[in-house]
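As provided, my_file_39.cif (mmCIF, C-alpha atoms and all ligand atoms) reads as follows.
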data_upload
#
loop_
_atom_site.label_atom_id
_atom_site.label_comp_id
_atom_site.auth_asym_id
_atom_site.auth_seq_id
_atom_site.Cartn_x
_atom_site.Cartn_y
_atom_site.Cartn_z
CA MET A 1 3.99 53.73 91.92
CA THR A 2 2.82 52.70 88.45
CA PRO A 3 -0.93 52.11 88.39
CA ILE A 4 -2.19 48.59 87.69
CA ILE A 5 -4.63 50.03 85.14
CA SER A 6 -4.08 53.23 83.25
CA VAL A 7 -6.75 54.40 80.81
CA ARG A 8 -6.34 57.56 78.75
CA ASN A 9 -8.93 59.27 76.55
CA LEU A 10 -10.62 56.02 75.76
CA LYS A 11 -13.33 56.24 73.14
CA LYS A 12 -15.52 53.68 71.43
CA VAL A 13 -17.85 54.36 68.56
CA TYR A 14 -19.93 51.40 67.43
CA ARG A 15 -20.32 52.03 63.74
CA SER A 16 -23.46 51.28 61.83
CA PHE A 17 -24.03 51.08 58.07
CA ILE A 18 -26.09 54.21 58.55
CA PRO A 19 -23.69 56.84 59.97
CA ARG A 20 -26.34 58.67 61.98
CA MET A 21 -27.00 55.39 63.79
CA ASN A 22 -23.40 55.26 65.10
CA VAL A 23 -23.28 54.92 68.88
CA VAL A 24 -20.65 56.75 70.92
CA ALA A 25 -20.60 54.22 73.76
CA VAL A 26 -17.52 55.55 75.56
CA ASP A 27 -16.35 59.12 75.15
CA SER A 28 -12.87 60.20 76.31
CA ILE A 29 -12.67 58.30 79.55
CA SER A 30 -9.47 58.45 81.62
CA PHE A 31 -8.73 56.85 84.98
CA ASP A 32 -6.05 55.00 86.92
CA VAL A 33 -6.50 52.08 89.29
CA ASN A 34 -3.78 51.50 91.87
CA LYS A 35 -2.62 48.27 93.41
CA GLY A 36 -4.86 47.03 96.20
CA GLU A 37 -7.76 49.30 95.32
CA VAL A 38 -11.37 48.28 94.83
CA PHE A 39 -12.44 50.58 92.02
CA GLY A 40 -16.06 50.96 91.00
CA ILE A 41 -17.55 52.00 87.69
CA LEU A 42 -21.06 53.09 88.43
CA GLY A 43 -23.57 54.01 85.77
CA PRO A 44 -27.07 53.33 84.48
CA ASN A 45 -27.84 50.72 81.81
CA GLY A 46 -26.24 51.62 78.52
CA SER A 47 -23.79 54.13 80.02
CA GLY A 48 -20.72 52.33 78.63
CA LYS A 49 -19.52 50.18 81.57
CA THR A 50 -19.25 46.88 79.69
CA THR A 51 -17.69 48.57 76.66
CA THR A 52 -15.08 50.21 78.92
CA LEU A 53 -14.22 46.95 80.68
CA ARG A 54 -13.93 45.04 77.41
CA MET A 55 -11.54 47.66 76.07
CA VAL A 56 -9.54 47.57 79.33
CA LEU A 57 -9.25 43.80 78.92
CA GLY A 58 -8.13 44.10 75.30
CA LEU A 59 -11.21 42.21 74.10
CA LEU A 60 -12.54 45.19 72.17
CA ARG A 61 -10.48 47.58 70.09
CA PRO A 62 -10.89 51.23 71.14
CA THR A 63 -11.75 53.78 68.47
CA SER A 64 -9.06 55.93 70.12
CA GLY A 65 -7.20 56.22 73.38
CA THR A 66 -4.87 53.92 75.27
CA VAL A 67 -5.02 51.21 77.92
CA ARG A 68 -2.08 49.90 79.93
CA LEU A 69 -2.34 46.98 82.34
CA PHE A 70 0.67 46.44 84.59
CA ASN A 71 2.32 49.00 82.32
CA LYS A 72 1.91 46.68 79.31
CA MET A 73 -0.51 46.19 76.46
CA PRO A 74 -3.67 44.39 77.64
CA GLN A 75 -3.22 41.69 74.99
CA SER A 76 0.15 40.60 76.36
CA LEU A 77 0.15 36.97 77.48
CA GLU A 78 1.87 37.76 80.75
CA VAL A 79 -0.84 40.30 81.60
CA ARG A 80 -3.64 37.89 80.73
CA LYS A 81 -2.33 35.35 83.23
CA SER A 82 -2.70 37.90 86.03
CA ILE A 83 -6.34 38.73 85.34
CA GLY A 84 -9.62 37.17 86.39
CA TYR A 85 -12.67 38.34 84.49
CA LEU A 86 -16.35 37.92 85.12
CA PRO A 87 -18.18 38.95 81.94
CA GLU A 88 -21.59 40.56 82.08
CA LYS A 89 -23.17 37.62 80.29
CA THR A 90 -22.45 34.23 81.79
CA THR A 91 -20.94 32.01 79.11
CA LEU A 92 -20.32 28.46 80.31
CA TYR A 93 -20.55 25.02 78.74
CA GLY A 94 -24.01 23.74 79.68
CA PHE A 95 -22.96 20.09 79.41
CA LEU A 96 -20.28 20.35 82.12
CA ASN A 97 -20.92 20.50 85.84
CA ALA A 98 -19.37 23.15 88.10
CA PHE A 99 -16.34 21.04 89.06
CA GLU A 100 -15.61 20.05 85.48
CA THR A 101 -15.92 23.69 84.41
CA LEU A 102 -13.42 24.84 87.00
CA ARG A 103 -11.07 21.93 86.37
CA LEU A 104 -11.03 22.80 82.67
CA PHE A 105 -10.48 26.46 83.39
CA GLY A 106 -7.72 25.63 85.90
CA ALA A 107 -5.93 23.52 83.28
CA MET A 108 -6.23 26.33 80.72
CA SER A 109 -4.80 28.78 83.28
CA GLY A 110 -1.79 26.54 83.89
CA MET A 111 -2.82 25.51 87.42
CA SER A 112 -1.89 22.05 88.63
CA LYS A 113 -4.81 19.64 88.61
CA ARG A 114 -4.64 19.18 92.37
CA HIS A 115 -4.45 22.90 93.14
CA ALA A 116 -7.35 23.63 90.77
CA MET A 117 -9.49 20.92 92.39
CA GLU A 118 -8.75 22.11 95.91
CA ARG A 119 -9.54 25.72 95.03
CA ALA A 120 -12.69 24.65 93.16
CA GLU A 121 -13.94 22.59 96.12
CA GLU A 122 -13.35 25.44 98.54
CA ILE A 123 -14.88 28.18 96.42
CA LEU A 124 -17.93 26.14 95.38
CA ARG A 125 -18.55 25.15 98.99
CA ARG A 126 -18.43 28.76 100.09
CA LEU A 127 -20.79 29.75 97.31
CA ASP A 128 -23.15 26.99 98.44
CA LEU A 129 -22.58 25.01 95.23
CA GLY A 130 -20.53 22.26 96.86
CA ASP A 131 -22.94 19.47 96.02
CA ALA A 132 -23.92 20.76 92.59
CA ARG A 133 -22.60 18.02 90.33
CA ARG A 134 -25.42 18.47 87.90
CA ARG A 135 -24.63 19.84 84.47
CA ILE A 136 -24.65 23.64 84.33
CA GLY A 137 -27.36 23.62 81.67
CA SER A 138 -29.80 22.68 84.42
CA TYR A 139 -28.67 25.42 86.83
CA SER A 140 -30.68 28.50 87.69
CA LYS A 141 -29.33 31.79 86.36
CA GLY A 142 -27.96 32.76 89.77
CA MET A 143 -26.21 29.39 90.22
CA ALA A 144 -24.54 29.70 86.81
CA ARG A 145 -23.48 33.23 87.74
CA LYS A 146 -21.80 31.89 90.87
CA VAL A 147 -19.88 29.33 88.81
CA ALA A 148 -18.72 32.12 86.50
CA PHE A 149 -17.59 34.09 89.56
CA ALA A 150 -15.77 31.00 90.89
CA GLN A 151 -14.03 30.73 87.52
CA ALA A 152 -12.91 34.38 87.68
CA ILE A 153 -11.26 33.97 91.10
CA LEU A 154 -10.04 30.36 90.72
CA ALA A 155 -6.43 31.17 89.85
CA ASP A 156 -6.24 33.84 92.60
CA PRO A 157 -5.47 36.60 90.04
CA GLU A 158 -3.66 39.84 90.85
CA LEU A 159 -6.33 41.84 89.04
CA LEU A 160 -9.99 40.96 89.07
CA ILE A 161 -12.42 42.64 86.67
CA LEU A 162 -16.07 41.99 87.43
CA ASP A 163 -18.91 43.19 85.24
CA GLU A 164 -22.05 43.40 87.41
CA PRO A 165 -20.83 40.71 89.85
CA THR A 166 -23.96 40.44 91.97
CA SER A 167 -26.51 40.67 89.19
CA GLY A 168 -28.94 37.76 89.50
CA LEU A 169 -27.61 36.66 92.90
CA ASP A 170 -29.76 36.29 96.00
CA PRO A 171 -28.69 38.53 98.94
CA LEU A 172 -26.97 35.67 100.76
CA SER A 173 -24.84 34.76 97.73
CA ALA A 174 -24.16 38.45 97.05
CA ALA A 175 -22.93 38.80 100.65
CA THR A 176 -20.62 35.79 100.20
CA VAL A 177 -19.24 37.29 96.99
CA ARG A 178 -18.58 40.54 98.85
CA THR A 179 -16.83 38.68 101.68
CA ILE A 180 -14.60 36.82 99.22
CA LEU A 181 -13.75 40.10 97.50
CA GLU A 182 -12.89 41.72 100.84
CA GLU A 183 -10.53 38.82 101.55
CA MET A 184 -8.89 39.25 98.14
CA LYS A 185 -8.51 42.96 98.79
CA SER A 186 -6.85 42.24 102.13
CA LYS A 187 -4.34 40.08 100.24
CA GLY A 188 -3.43 43.12 98.11
CA LYS A 189 -5.40 42.17 94.99
CA THR A 190 -6.76 44.90 92.75
CA ILE A 191 -10.45 44.73 91.92
CA VAL A 192 -12.57 46.61 89.39
CA ILE A 193 -16.33 46.32 89.64
CA SER A 194 -18.93 47.71 87.32
CA SER A 195 -22.46 47.97 88.59
CA HIS A 196 -25.69 49.88 88.38
CA ILE A 197 -26.55 48.64 91.88
CA LEU A 198 -25.72 51.59 94.10
CA SER A 199 -25.52 49.65 97.36
CA ASP A 200 -23.03 47.20 95.83
CA ILE A 201 -20.66 49.96 94.91
CA GLN A 202 -21.16 51.63 98.26
CA LYS A 203 -20.43 48.43 100.17
CA MET A 204 -17.37 47.36 98.22
CA CYS A 205 -15.51 50.21 96.56
CA ASP A 206 -12.80 52.57 97.81
CA ARG A 207 -12.94 54.83 94.78
CA VAL A 208 -15.48 55.25 92.02
CA VAL A 209 -16.19 56.88 88.72
CA ILE A 210 -19.80 57.62 87.90
CA ILE A 211 -20.44 57.47 84.18
CA ALA A 212 -23.42 58.43 82.07
CA LYS A 213 -23.69 58.35 78.28
CA GLY A 214 -20.07 57.26 78.00
CA ARG A 215 -18.58 60.12 80.00
CA ILE A 216 -17.24 60.40 83.53
CA ARG A 217 -19.54 62.68 85.50
CA ALA A 218 -17.96 62.33 88.96
CA GLU A 219 -15.01 60.59 90.49
CA GLY A 220 -13.25 60.26 93.80
CA SER A 221 -13.06 58.23 96.96
CA LEU A 222 -16.43 57.05 98.08
CA SER A 223 -16.07 58.76 101.44
CA SER A 224 -15.22 62.11 99.81
CA LEU A 225 -18.13 61.82 97.36
CA LEU A 226 -20.64 60.91 100.04
CA THR A 227 -19.53 63.10 102.93
CA ARG A 228 -21.74 66.14 103.62
CA GLU A 229 -19.28 68.63 104.98
CA GLY A 230 -20.34 70.21 108.25
CA TYR A 231 -22.92 67.55 109.12
CA THR A 232 -22.53 64.69 111.58
CA ARG A 233 -24.95 61.82 111.96
CA LEU A 234 -25.43 60.70 115.53
CA VAL A 235 -27.16 57.43 116.46
CA LEU A 236 -28.47 57.71 120.00
CA LYS A 237 -29.67 54.94 122.21
CA ALA A 238 -32.86 56.82 123.06
CA ASP A 239 -36.56 56.28 122.66
CA PRO A 240 -38.52 58.57 120.29
CA SER A 241 -40.42 59.76 123.37
CA GLN A 242 -37.15 61.28 124.58
CA LYS A 243 -36.97 63.48 121.49
CA GLU A 244 -37.71 66.70 123.37
CA MET A 245 -34.96 66.02 125.85
CA VAL A 246 -32.43 65.18 123.13
CA LEU A 247 -33.31 68.36 121.24
CA LYS A 248 -32.97 70.46 124.37
CA VAL A 249 -29.57 69.00 125.27
CA LEU A 250 -28.28 69.63 121.77
CA SER A 251 -29.72 73.10 121.42
CA ASP A 252 -28.33 74.03 124.87
CA ALA A 253 -24.94 73.02 123.43
CA GLY A 254 -25.53 75.40 120.50
CA LEU A 255 -26.04 72.66 117.89
CA SER A 256 -28.87 72.66 115.38
CA VAL A 257 -30.66 69.43 114.55
CA GLU A 258 -31.73 68.80 110.97
CA ARG A 259 -33.94 65.79 111.64
CA ILE A 260 -34.70 63.08 114.15
CA GLU A 261 -35.91 59.66 113.05
CA ASN A 262 -35.88 56.04 114.16
CA ASP A 263 -32.71 54.18 113.26
CA THR A 264 -33.40 51.34 110.81
CA VAL A 265 -31.44 48.44 109.38
CA GLU A 266 -31.19 47.81 105.66
CA LEU A 267 -33.47 45.15 104.23
CA ASP A 268 -30.56 42.97 103.13
CA LYS A 269 -29.15 43.01 106.66
CA LEU A 270 -32.52 41.97 108.04
CA PHE A 271 -32.75 39.23 105.40
CA LEU A 272 -29.32 37.86 106.32
CA GLU A 273 -30.18 37.98 110.04
CA VAL A 274 -33.43 36.10 109.47
CA LEU A 275 -31.73 33.42 107.36
CA GLY A 276 -28.87 33.18 109.84
CA LYS A 277 -31.28 32.49 112.72
CA ASP A 278 -32.74 29.48 110.97
CA GLY A 279 -29.31 28.28 109.89
CA VAL A 280 -30.44 28.44 106.27
CA GLY A 281 -27.75 28.61 103.65
CA SER A 282 -24.80 29.04 105.96
CA CYS A 283 -21.78 30.08 103.93
CA SER A 284 -18.78 29.97 106.20
N1 LIG B 301 -21.94 45.61 69.88
C1 LIG B 301 -22.58 46.76 69.92
N2 LIG B 301 -22.99 47.37 68.79
C2 LIG B 301 -23.63 48.57 68.84
N3 LIG B 301 -23.90 49.24 69.97
C3 LIG B 301 -23.52 48.68 71.14
C4 LIG B 301 -22.85 47.41 71.19
N4 LIG B 301 -22.57 47.12 72.47
C5 LIG B 301 -23.06 48.13 73.20
N5 LIG B 301 -23.64 49.07 72.40
C6 LIG B 301 -24.25 50.34 72.84
O1 LIG B 301 -23.26 51.06 73.55
C7 LIG B 301 -23.83 51.74 74.67
C8 LIG B 301 -23.11 51.30 75.93
O2 LIG B 301 -23.36 49.92 76.15
P1 LIG B 301 -22.69 49.10 77.33
O3 LIG B 301 -21.23 49.36 77.32
O4 LIG B 301 -23.14 47.70 77.21
O5 LIG B 301 -23.33 49.81 78.62
P2 LIG B 301 -23.52 49.29 80.11
O6 LIG B 301 -22.61 48.14 80.33
O7 LIG B 301 -23.20 50.48 80.96
O8 LIG B 301 -24.97 48.90 80.26
C9 LIG B 301 -25.31 51.40 74.65
O9 LIG B 301 -25.99 52.44 73.99
C10 LIG B 301 -25.38 50.14 73.84
O10 LIG B 301 -26.61 50.00 73.18
MG MG B 302 -23.04 46.26 80.97
#
Now that the file is in, can you turn its structure into structure tokens?
Amino acid sequence: MTPIISVRNLKKVYRSFIPRMNVVAVDSISFDVNKGEVFGILGPNGSGKTTTLRMVLGLLRPTSGTVRLFNKMPQSLEVRKSIGYLPEKTTLYGFLNAFETLRLFGAMSGMSKRHAMERAEEILRRLDLGDARRRIGSYSKGMARKVAFAQAILADPELLILDEPTSGLDPLSAATVRTILEEMKSKGKTIVISSHILSDIQKMCDRVVIIAKGRIRAEGSLSSLLTREGYTRLVLKADPSQKEMVLKVLSDAGLSVERIENDTVELDKLFLEVLGKDGVGSCS
């Protein structure tokens, strides 16, 4: 099967008037993304994620190397229609409200007015922006980010490219974004996410590349990268006071125990549970 994205030996040097100030932002990166995958590009600030995505999208000319999207050049009109893109920096018209923004974008994407409005209503409601008819210029950063995300998914694109999708979002909104992305994945959409937020990548991606200083340092399925061969984590319904007994049972069975600790939930899970109890910000 032909990959949806195919990147070969991609390199970007940002040139300066002073040659020693040239920046090699991306250095010989190659990867494929297959249909239906959620692919993560993980790396610290300045590692080349945004530069890579902009080259993949055909918005930035590579110094060398090739990009194919749907086996075509990224600039091709047909390809562009199949892509939703959330840029790293939110760029929206401050004088429009969220509905007007999406209606305009829908019209530019060739969607019918009615379809665009229905999609916009649904997505904005889910993102808890349903009643936000104020102009975007007065939105908080996170609210504007959600509108930009809504814009990226409005036309239900085959390929979604998201540069730091949850940056600036509260945990509840980030969870809604993740849920929407899971739904898109289940419909066979292909999704590429760049992030420096490790838990985001861990929660959403099937396969990742880890980049640093413009180079791929590790790649593979998340489960293969994170699995510690030969170790199994067991969560027991037992009180810490029963530790001795648990250890004895396991050692009698010839198993060695590396550590015993209380099981905990992640802070974001606790946060969502607490908000859920009070019925705050429900996002069905
Ligand atoms: N327009 C530009 N001109 C010069 N250098 C740039 C430009 N854009 C990015 N860079 C540099 O390229 C490197 C990679 O940047 P970027 O792709 O934005 O990384 P990331 O998205 O991983 O934070 C950084 O060193 C950054 O300073
Ligand atoms: Mg970036």
- So which one's closest to A:Asp206, A:Ile83, A:Leu225, A:Ala25, A:Leu169? Using only C-alpha atoms, please.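 Answer, going by the shortest atom-to-atom distance: A:Leu225.
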- Which residue, A:Ser6, A:Gln151, A:Thr63, A:Ser194, has the smallest gap to ligand MG 302 (chain B) when you use all atoms listed in the file? A:Ser194
- Message: So, with all atoms listed in the file as the atoms that count, which of A:Met108, A:Ala98, A:Leu127, A:Leu77 lies closest to A:Ala174?
- Response: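 Counting all atoms listed in the file, the residue closest to A:Ala174 is A:Leu127.
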- Return the single residue from A:Asn34, A:Thr101, A:Ser199, A:Asn22 that is closest to A:Arg178, with distances computed using only C-alpha atoms.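 Under the stated criterion, the closest residue is A:Ser199.
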- At what distance in Å, to one decimal, does atom CA of A:Phe271 lie from atom CA of A:Val38?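 A separation of 25.5 Å between them.
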- Item | Within-8 Å residues of ligand MG 302 (chain B), basis only C-alpha atoms and all ligand atoms, as a VMD selection string | chain A and resid 45 to 51 88 163 to 164 194 to 195
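Nearest to ligand LIG 301 (chain B) of all the residues A:Pro62, A:Gly214, A:Gly168, A:Gly254 is A:Gly214, based on all atoms listed in the file.
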